[in-house]
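File shown here: entry.csv, holding CSV, C-alpha atoms.
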```csv
chain,number,residue,atom,x,y,z
A,809,MET,CA,-2.3,-19.3,-11.5
A,810,SER,CA,-1.7,-17.4,-8.3
A,811,THR,CA,1.3,-15.5,-6.9
A,812,LEU,CA,3.6,-17.3,-4.6
A,813,TYR,CA,3.2,-15.4,-1.3
A,814,LEU,CA,0.0,-13.3,-1.6
A,815,GLN,CA,-1.8,-16.2,-3.3
A,816,LEU,CA,-3.4,-13.7,-5.7
A,817,GLU,CA,-5.0,-14.2,-9.1
A,818,GLN,CA,-4.2,-11.4,-11.5
A,819,ALA,CA,-7.8,-10.9,-12.7
A,820,LYS,CA,-8.9,-10.0,-9.1
A,821,VAL,CA,-6.3,-7.2,-8.5
A,822,ASN,CA,-7.1,-3.6,-9.4
A,823,LYS,CA,-4.6,-1.1,-10.7
A,824,TYR,CA,-5.0,1.0,-7.6
A,825,VAL,CA,-3.5,-0.7,-4.5
A,826,VAL,CA,-3.5,0.4,-0.9
A,827,PHE,CA,-0.8,-1.2,1.4
A,828,SER,CA,-0.8,-1.3,5.1
A,829,GLY,CA,1.5,-3.3,7.5
A,830,ASP,CA,-1.4,-4.2,9.8
A,831,PRO,CA,-4.0,-6.7,8.7
A,832,SER,CA,-6.6,-5.3,11.0
A,833,ARG,CA,-6.2,-1.9,9.3
A,834,VAL,CA,-6.7,-3.6,5.9
A,835,LYS,CA,-10.1,-4.9,7.2
A,836,ARG,CA,-11.1,-1.4,8.3
A,837,VAL,CA,-10.2,0.0,4.8
A,838,ALA,CA,-12.0,-2.9,3.1
A,839,ALA,CA,-15.1,-2.1,5.1
A,840,LEU,CA,-15.2,1.4,3.4
A,841,LEU,CA,-15.2,-0.2,-0.1
A,842,ASP,CA,-18.4,-1.1,-2.0
A,843,ASN,CA,-18.6,-4.8,-3.1
A,844,SER,CA,-15.6,-5.6,-0.9
A,845,GLU,CA,-14.5,-9.2,-1.2
A,846,LYS,CA,-11.6,-11.0,0.5
A,847,ILE,CA,-9.6,-12.4,-2.5
A,848,ALA,CA,-6.7,-14.0,-0.7
A,849,GLU,CA,-5.1,-14.7,2.7
A,850,ASN,CA,-1.7,-16.3,3.3
A,851,ARG,CA,0.9,-15.7,6.0
A,852,GLU,CA,0.9,-12.0,7.0
A,853,TYR,CA,-0.9,-11.1,3.7
A,854,ILE,CA,-4.6,-10.5,3.6
A,855,THR,CA,-6.1,-8.9,0.5
A,856,TYR,CA,-9.5,-7.4,-0.4
A,857,SER,CA,-10.8,-5.9,-3.6
A,858,GLY,CA,-13.8,-3.6,-4.1
A,859,THR,CA,-14.7,-0.2,-5.4
A,860,TYR,CA,-14.7,3.3,-3.9
A,861,LYS,CA,-16.8,5.9,-5.7
A,862,GLY,CA,-16.8,3.5,-8.7
A,863,VAL,CA,-13.0,3.1,-8.8
A,864,GLY,CA,-11.5,-0.4,-8.4
A,865,ILE,CA,-9.3,-0.6,-5.3
A,866,THR,CA,-7.3,-3.5,-3.9
A,867,VAL,CA,-6.0,-3.3,-0.3
A,868,THR,CA,-3.5,-5.7,1.2
A,869,SER,CA,-1.4,-6.1,4.3
A,870,THR,CA,2.4,-6.4,4.2
A,871,GLY,CA,3.4,-7.3,7.7
A,872,ILE,CA,6.2,-5.4,9.3
A,873,GLY,CA,9.4,-4.3,7.5
A,874,GLY,CA,10.9,-3.7,4.1
A,875,PRO,CA,11.4,-7.3,2.9
A,876,SER,CA,7.8,-8.4,3.3
A,877,THR,CA,6.6,-5.1,1.8
A,878,ALA,CA,8.9,-5.6,-1.2
A,879,ILE,CA,7.4,-9.1,-1.8
A,880,ALA,CA,3.8,-7.6,-1.7
A,881,MET,CA,4.7,-4.8,-4.0
A,882,GLU,CA,6.4,-7.0,-6.5
A,883,GLU,CA,3.5,-9.5,-6.6
A,884,MET,CA,1.0,-6.7,-6.9
A,885,TYR,CA,3.0,-5.2,-9.8
A,886,ASP,CA,3.0,-8.6,-11.5
A,887,CYS,CA,-0.8,-8.6,-11.1
A,888,GLY,CA,-1.2,-5.2,-12.8
A,889,MET,CA,-0.9,-2.7,-10.1
A,890,GLU,CA,-0.1,0.8,-11.5
A,891,VAL,CA,-0.5,3.1,-8.4
A,892,ALA,CA,0.5,2.2,-4.9
A,893,ILE,CA,-0.2,4.0,-1.7
A,894,ARG,CA,0.9,2.9,1.8
A,895,ILE,CA,-1.1,3.9,4.8
A,896,GLY,CA,-0.1,3.3,8.4
A,897,THR,CA,2.2,4.3,11.2
A,898,ILE,CA,5.4,6.1,10.4
A,899,MET,CA,8.3,7.0,12.6
A,900,GLY,CA,9.2,10.6,13.2
A,901,LEU,CA,11.8,12.7,14.8
A,902,ASN,CA,9.3,14.7,16.8
A,903,ASP,CA,6.5,13.5,19.1
A,904,ASN,CA,4.1,16.2,18.1
A,905,LEU,CA,3.5,15.3,14.4
A,906,GLY,CA,-0.3,15.1,14.6
A,907,GLU,CA,-2.8,12.4,13.8
A,908,MET,CA,-2.6,12.3,10.1
A,909,MET,CA,0.0,13.4,7.5
A,910,ILE,CA,0.9,12.8,3.9
A,911,PRO,CA,4.7,12.8,3.8
A,912,ARG,CA,6.4,14.4,0.8
A,913,ALA,CA,9.6,12.4,1.4
A,914,THR,CA,11.0,9.9,3.9
A,915,MET,CA,14.4,8.9,5.2
A,916,ARG,CA,15.7,5.6,3.8
A,917,MET,CA,17.3,4.1,6.9
A,918,GLU,CA,16.8,0.5,6.0
A,919,ASN,CA,18.4,-1.9,3.5
A,920,THR,CA,15.6,-3.3,1.3
A,921,SER,CA,15.2,-0.3,-1.0
A,922,LYS,CA,19.0,-0.4,-1.7
A,923,GLU,CA,18.3,-3.5,-3.7
A,924,TYR,CA,16.1,-1.5,-6.1
A,925,VAL,CA,17.8,1.9,-6.3
A,926,ASP,CA,21.1,3.5,-5.3
A,927,ALA,CA,21.3,4.7,-1.7
A,928,SER,CA,21.8,8.3,-3.0
A,929,TYR,CA,18.3,8.3,-4.8
A,930,PRO,CA,15.8,10.3,-2.7
A,931,ALA,CA,12.7,8.7,-1.3
A,932,ASP,CA,10.3,11.4,-2.6
A,933,SER,CA,6.6,11.0,-3.3
A,934,ASP,CA,5.2,11.3,-6.8
A,935,PHE,CA,4.3,15.1,-6.9
A,936,GLN,CA,1.0,14.6,-8.9
A,937,LEU,CA,-0.2,11.9,-6.6
A,938,LEU,CA,0.8,13.8,-3.5
A,939,HIS,CA,-1.0,16.9,-4.8
A,940,SER,CA,-4.2,14.8,-5.6
A,941,LEU,CA,-4.2,13.3,-2.1
A,942,SER,CA,-3.8,16.7,-0.5
A,943,GLU,CA,-6.7,18.1,-2.4
A,944,ILE,CA,-9.2,15.4,-1.5
A,945,ASP,CA,-12.5,16.7,0.0
A,946,GLU,CA,-13.8,14.3,2.6
A,947,ASN,CA,-17.4,15.2,1.7
```
structure tokens encoding of this file:
Amino acid sequence: MSTLYLQLEQAKVNKYVVFSGDPSRVKRVAALLDNSEKIAENREYITYSGTYKGVGITVTSTGIGGPSTAIAMEEMYDCGMEVAIRIGTIMGLNDNLGEMMIPRATMRMENTSKEYVDASYPADSDFQLLHSLSEIDEN
């Protein structure tokens, strides 16, 4: 049985999932995976699974905004996702932020997350995951 919106079968989803709003960015990430296979496409959601350095990775688009991202995350969680990373464009208060960054925390100036946690709860990254990402050697 497949999920309602992403049209995913649980057996094809890996525990590590990369999210991006832009479907074209998902295709670029999927091209970096070994044995990459498109496993679903429906509405704004396009999903691939493959491996990177022997680790199973699933990558999917979410479309723009919190509600469609929440749908994608809930359905991925139902399929066994354990770790989620979102890549893509972020908004900033300064124009000179650089080309790439791994934010430690973000501002919650939207309404979707308020359905999951109280507005006073900080939007901080998982420290161990943040540290691991920061230590990655590109070679």
Find the nearest atom pair between each residue of stretch 846-895 of chain A and stretch 913-937 of chain A for residues within 10 Å, count only C-alpha atoms, give distances in Å to one decimal, sort rows by chain and ascending number, and present the table as CSV.
```
residue,atom,partner,partner_atom,distance
A:Gly873,CA,A:Thr920,CA,8.8
A:Gly874,CA,A:Thr920,CA,5.5
A:Pro875,CA,A:Thr920,CA,6.0
A:Ser876,CA,A:Thr920,CA,9.5
A:Thr877,CA,A:Thr920,CA,9.2
A:Ala878,CA,A:Thr920,CA,7.5
A:Val891,CA,A:Leu937,CA,9.0
A:Ala892,CA,A:Leu937,CA,9.9
A:Ile893,CA,A:Leu937,CA,9.3
```
Students should find that atom CA of A:Lys823 and atom CA of A:Gly864 are spaced 7.3 Å
Best match for closeness to A:Thr866 among A:Asp886, A:Asp830, A:Glu845, A:Glu852, counting all atoms listed in the file:
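For A:Thr866, the nearest of the given residues is A:Glu845.
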query = What lies within 12 Å of A:Ile847 using only C-alpha atoms, ignoring chain neighbours under 4 positions off, as a count of residues only?
reply = 21
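Reported to one decimal place, the separation of atom CA of A:Glu883 from atom CA of A:Ile910 is 24.8 Å.
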- Have a look at atom CA of A:Ser869 and atom CA of A:His939 and let me know their distance in Å, one decimal.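 Atom-to-atom, atom CA of A:Ser869 and atom CA of A:His939 are spaced 24.7 Å apart.
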Original post:
Looking at A:Leu841, A:Tyr860, A:Leu812, A:Ala880, which one is nearest to A:Gly829, with distances taken over only C-alpha atoms?
Top reply: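 Among the listed residues, A:Ala880 lies closest to A:Gly829.
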Mind rebuilding stretch 904-934 of chain A with N, CA and C atoms and writing that out as a PDB file, keeping the file's coordinate frame?
```
ATOM      1  N   ASN A 904       5.274  15.435  18.264  1.00  0.00           N
ATOM      2  CA  ASN A 904       4.100  16.200  18.100  1.00  0.00           C
ATOM      3  C   ASN A 904       3.699  16.344  16.576  1.00  0.00           C
ATOM      4  N   LEU A 905       3.755  15.255  15.842  1.00  0.00           N
ATOM      5  CA  LEU A 905       3.500  15.300  14.400  1.00  0.00           C
ATOM      6  C   LEU A 905       2.016  15.384  14.048  1.00  0.00           C
ATOM      7  N   GLY A 906       1.118  15.062  14.945  1.00  0.00           N
ATOM      8  CA  GLY A 906      -0.300  15.100  14.600  1.00  0.00           C
ATOM      9  C   GLY A 906      -0.856  13.729  14.369  1.00  0.00           C
ATOM     10  N   GLU A 907      -2.141  13.685  14.043  1.00  0.00           N
ATOM     11  CA  GLU A 907      -2.800  12.400  13.800  1.00  0.00           C
ATOM     12  C   GLU A 907      -2.700  11.879  12.436  1.00  0.00           C
ATOM     13  N   MET A 908      -2.623  12.758  11.449  1.00  0.00           N
ATOM     14  CA  MET A 908      -2.600  12.300  10.100  1.00  0.00           C
ATOM     15  C   MET A 908      -1.635  13.201   9.285  1.00  0.00           C
ATOM     16  N   MET A 909      -0.862  12.577   8.420  1.00  0.00           N
ATOM     17  CA  MET A 909       0.000  13.400   7.500  1.00  0.00           C
ATOM     18  C   MET A 909       0.230  12.601   6.248  1.00  0.00           C
ATOM     19  N   ILE A 910       0.504  13.344   5.212  1.00  0.00           N
ATOM     20  CA  ILE A 910       0.900  12.800   3.900  1.00  0.00           C
ATOM     21  C   ILE A 910       2.311  13.239   3.668  1.00  0.00           C
ATOM     22  N   PRO A 911       3.291  12.383   3.907  1.00  0.00           N
ATOM     23  CA  PRO A 911       4.700  12.800   3.800  1.00  0.00           C
ATOM     24  C   PRO A 911       5.094  13.052   2.319  1.00  0.00           C
ATOM     25  N   ARG A 912       5.872  14.093   2.122  1.00  0.00           N
ATOM     26  CA  ARG A 912       6.400  14.400   0.800  1.00  0.00           C
ATOM     27  C   ARG A 912       7.637  13.544   0.502  1.00  0.00           C
ATOM     28  N   ALA A 913       8.356  13.194   1.552  1.00  0.00           N
ATOM     29  CA  ALA A 913       9.600  12.400   1.400  1.00  0.00           C
ATOM     30  C   ALA A 913       9.819  11.652   2.729  1.00  0.00           C
ATOM     31  N   THR A 914      10.643  10.636   2.665  1.00  0.00           N
ATOM     32  CA  THR A 914      11.000   9.900   3.900  1.00  0.00           C
ATOM     33  C   THR A 914      12.488   9.620   3.892  1.00  0.00           C
ATOM     34  N   MET A 915      12.971   9.263   5.063  1.00  0.00           N
ATOM     35  CA  MET A 915      14.400   8.900   5.200  1.00  0.00           C
ATOM     36  C   MET A 915      14.467   7.389   4.857  1.00  0.00           C
ATOM     37  N   ARG A 916      15.531   7.010   4.213  1.00  0.00           N
ATOM     38  CA  ARG A 916      15.700   5.600   3.800  1.00  0.00           C
ATOM     39  C   ARG A 916      16.789   5.011   4.755  1.00  0.00           C
ATOM     40  N   MET A 917      16.376   4.652   5.956  1.00  0.00           N
ATOM     41  CA  MET A 917      17.300   4.100   6.900  1.00  0.00           C
ATOM     42  C   MET A 917      17.075   2.607   7.111  1.00  0.00           C
ATOM     43  N   GLU A 918      16.953   1.918   6.001  1.00  0.00           N
ATOM     44  CA  GLU A 918      16.800   0.500   6.000  1.00  0.00           C
ATOM     45  C   GLU A 918      17.562  -0.063   4.798  1.00  0.00           C
ATOM     46  N   ASN A 919      17.528  -1.334   4.556  1.00  0.00           N
ATOM     47  CA  ASN A 919      18.400  -1.900   3.500  1.00  0.00           C
ATOM     48  C   ASN A 919      17.626  -2.435   2.282  1.00  0.00           C
ATOM     49  N   THR A 920      16.343  -2.707   2.398  1.00  0.00           N
ATOM     50  CA  THR A 920      15.600  -3.300   1.300  1.00  0.00           C
ATOM     51  C   THR A 920      15.610  -2.436   0.047  1.00  0.00           C
ATOM     52  N   SER A 921      15.323  -1.144   0.209  1.00  0.00           N
ATOM     53  CA  SER A 921      15.200  -0.300  -1.000  1.00  0.00           C
ATOM     54  C   SER A 921      16.556  -0.159  -1.711  1.00  0.00           C
ATOM     55  N   LYS A 922      17.660  -0.420  -1.038  1.00  0.00           N
ATOM     56  CA  LYS A 922      19.000  -0.400  -1.700  1.00  0.00           C
ATOM     57  C   LYS A 922      19.133  -1.452  -2.750  1.00  0.00           C
ATOM     58  N   GLU A 923      18.298  -2.470  -2.697  1.00  0.00           N
ATOM     59  CA  GLU A 923      18.300  -3.500  -3.700  1.00  0.00           C
ATOM     60  C   GLU A 923      17.636  -3.063  -5.000  1.00  0.00           C
ATOM     61  N   TYR A 924      16.864  -1.976  -4.911  1.00  0.00           N
ATOM     62  CA  TYR A 924      16.100  -1.500  -6.100  1.00  0.00           C
ATOM     63  C   TYR A 924      16.727  -0.226  -6.678  1.00  0.00           C
ATOM     64  N   VAL A 925      17.219   0.671  -5.830  1.00  0.00           N
ATOM     65  CA  VAL A 925      17.800   1.900  -6.300  1.00  0.00           C
ATOM     66  C   VAL A 925      19.040   2.243  -5.458  1.00  0.00           C
ATOM     67  N   ASP A 926      19.935   3.051  -6.020  1.00  0.00           N
ATOM     68  CA  ASP A 926      21.100   3.500  -5.300  1.00  0.00           C
ATOM     69  C   ASP A 926      20.747   4.235  -4.034  1.00  0.00           C
ATOM     70  N   ALA A 927      21.551   4.095  -2.999  1.00  0.00           N
ATOM     71  CA  ALA A 927      21.300   4.700  -1.700  1.00  0.00           C
ATOM     72  C   ALA A 927      21.182   6.257  -1.825  1.00  0.00           C
ATOM     73  N   SER A 928      21.796   6.850  -2.837  1.00  0.00           N
ATOM     74  CA  SER A 928      21.800   8.300  -3.000  1.00  0.00           C
ATOM     75  C   SER A 928      20.435   8.789  -3.610  1.00  0.00           C
ATOM     76  N   TYR A 929      19.624   7.876  -4.142  1.00  0.00           N
ATOM     77  CA  TYR A 929      18.300   8.300  -4.800  1.00  0.00           C
ATOM     78  C   TYR A 929      17.357   8.663  -3.673  1.00  0.00           C
ATOM     79  N   PRO A 930      16.725   9.838  -3.787  1.00  0.00           N
ATOM     80  CA  PRO A 930      15.800  10.300  -2.700  1.00  0.00           C
ATOM     81  C   PRO A 930      14.521   9.508  -2.671  1.00  0.00           C
ATOM     82  N   ALA A 931      13.980   9.390  -1.495  1.00  0.00           N
ATOM     83  CA  ALA A 931      12.700   8.700  -1.300  1.00  0.00           C
ATOM     84  C   ALA A 931      11.597   9.776  -1.279  1.00  0.00           C
ATOM     85  N   ASP A 932      11.317  10.348  -2.446  1.00  0.00           N
ATOM     86  CA  ASP A 932      10.300  11.400  -2.600  1.00  0.00           C
ATOM     87  C   ASP A 932       9.014  10.803  -3.139  1.00  0.00           C
ATOM     88  N   SER A 933       7.906  11.420  -2.755  1.00  0.00           N
ATOM     89  CA  SER A 933       6.600  11.000  -3.300  1.00  0.00           C
ATOM     90  C   SER A 933       6.429  11.529  -4.695  1.00  0.00           C
ATOM     91  N   ASP A 934       5.568  10.870  -5.446  1.00  0.00           N
ATOM     92  CA  ASP A 934       5.200  11.300  -6.800  1.00  0.00           C
ATOM     93  C   ASP A 934       4.407  12.651  -6.575  1.00  0.00           C
TER      94      ASP A 934
END
```
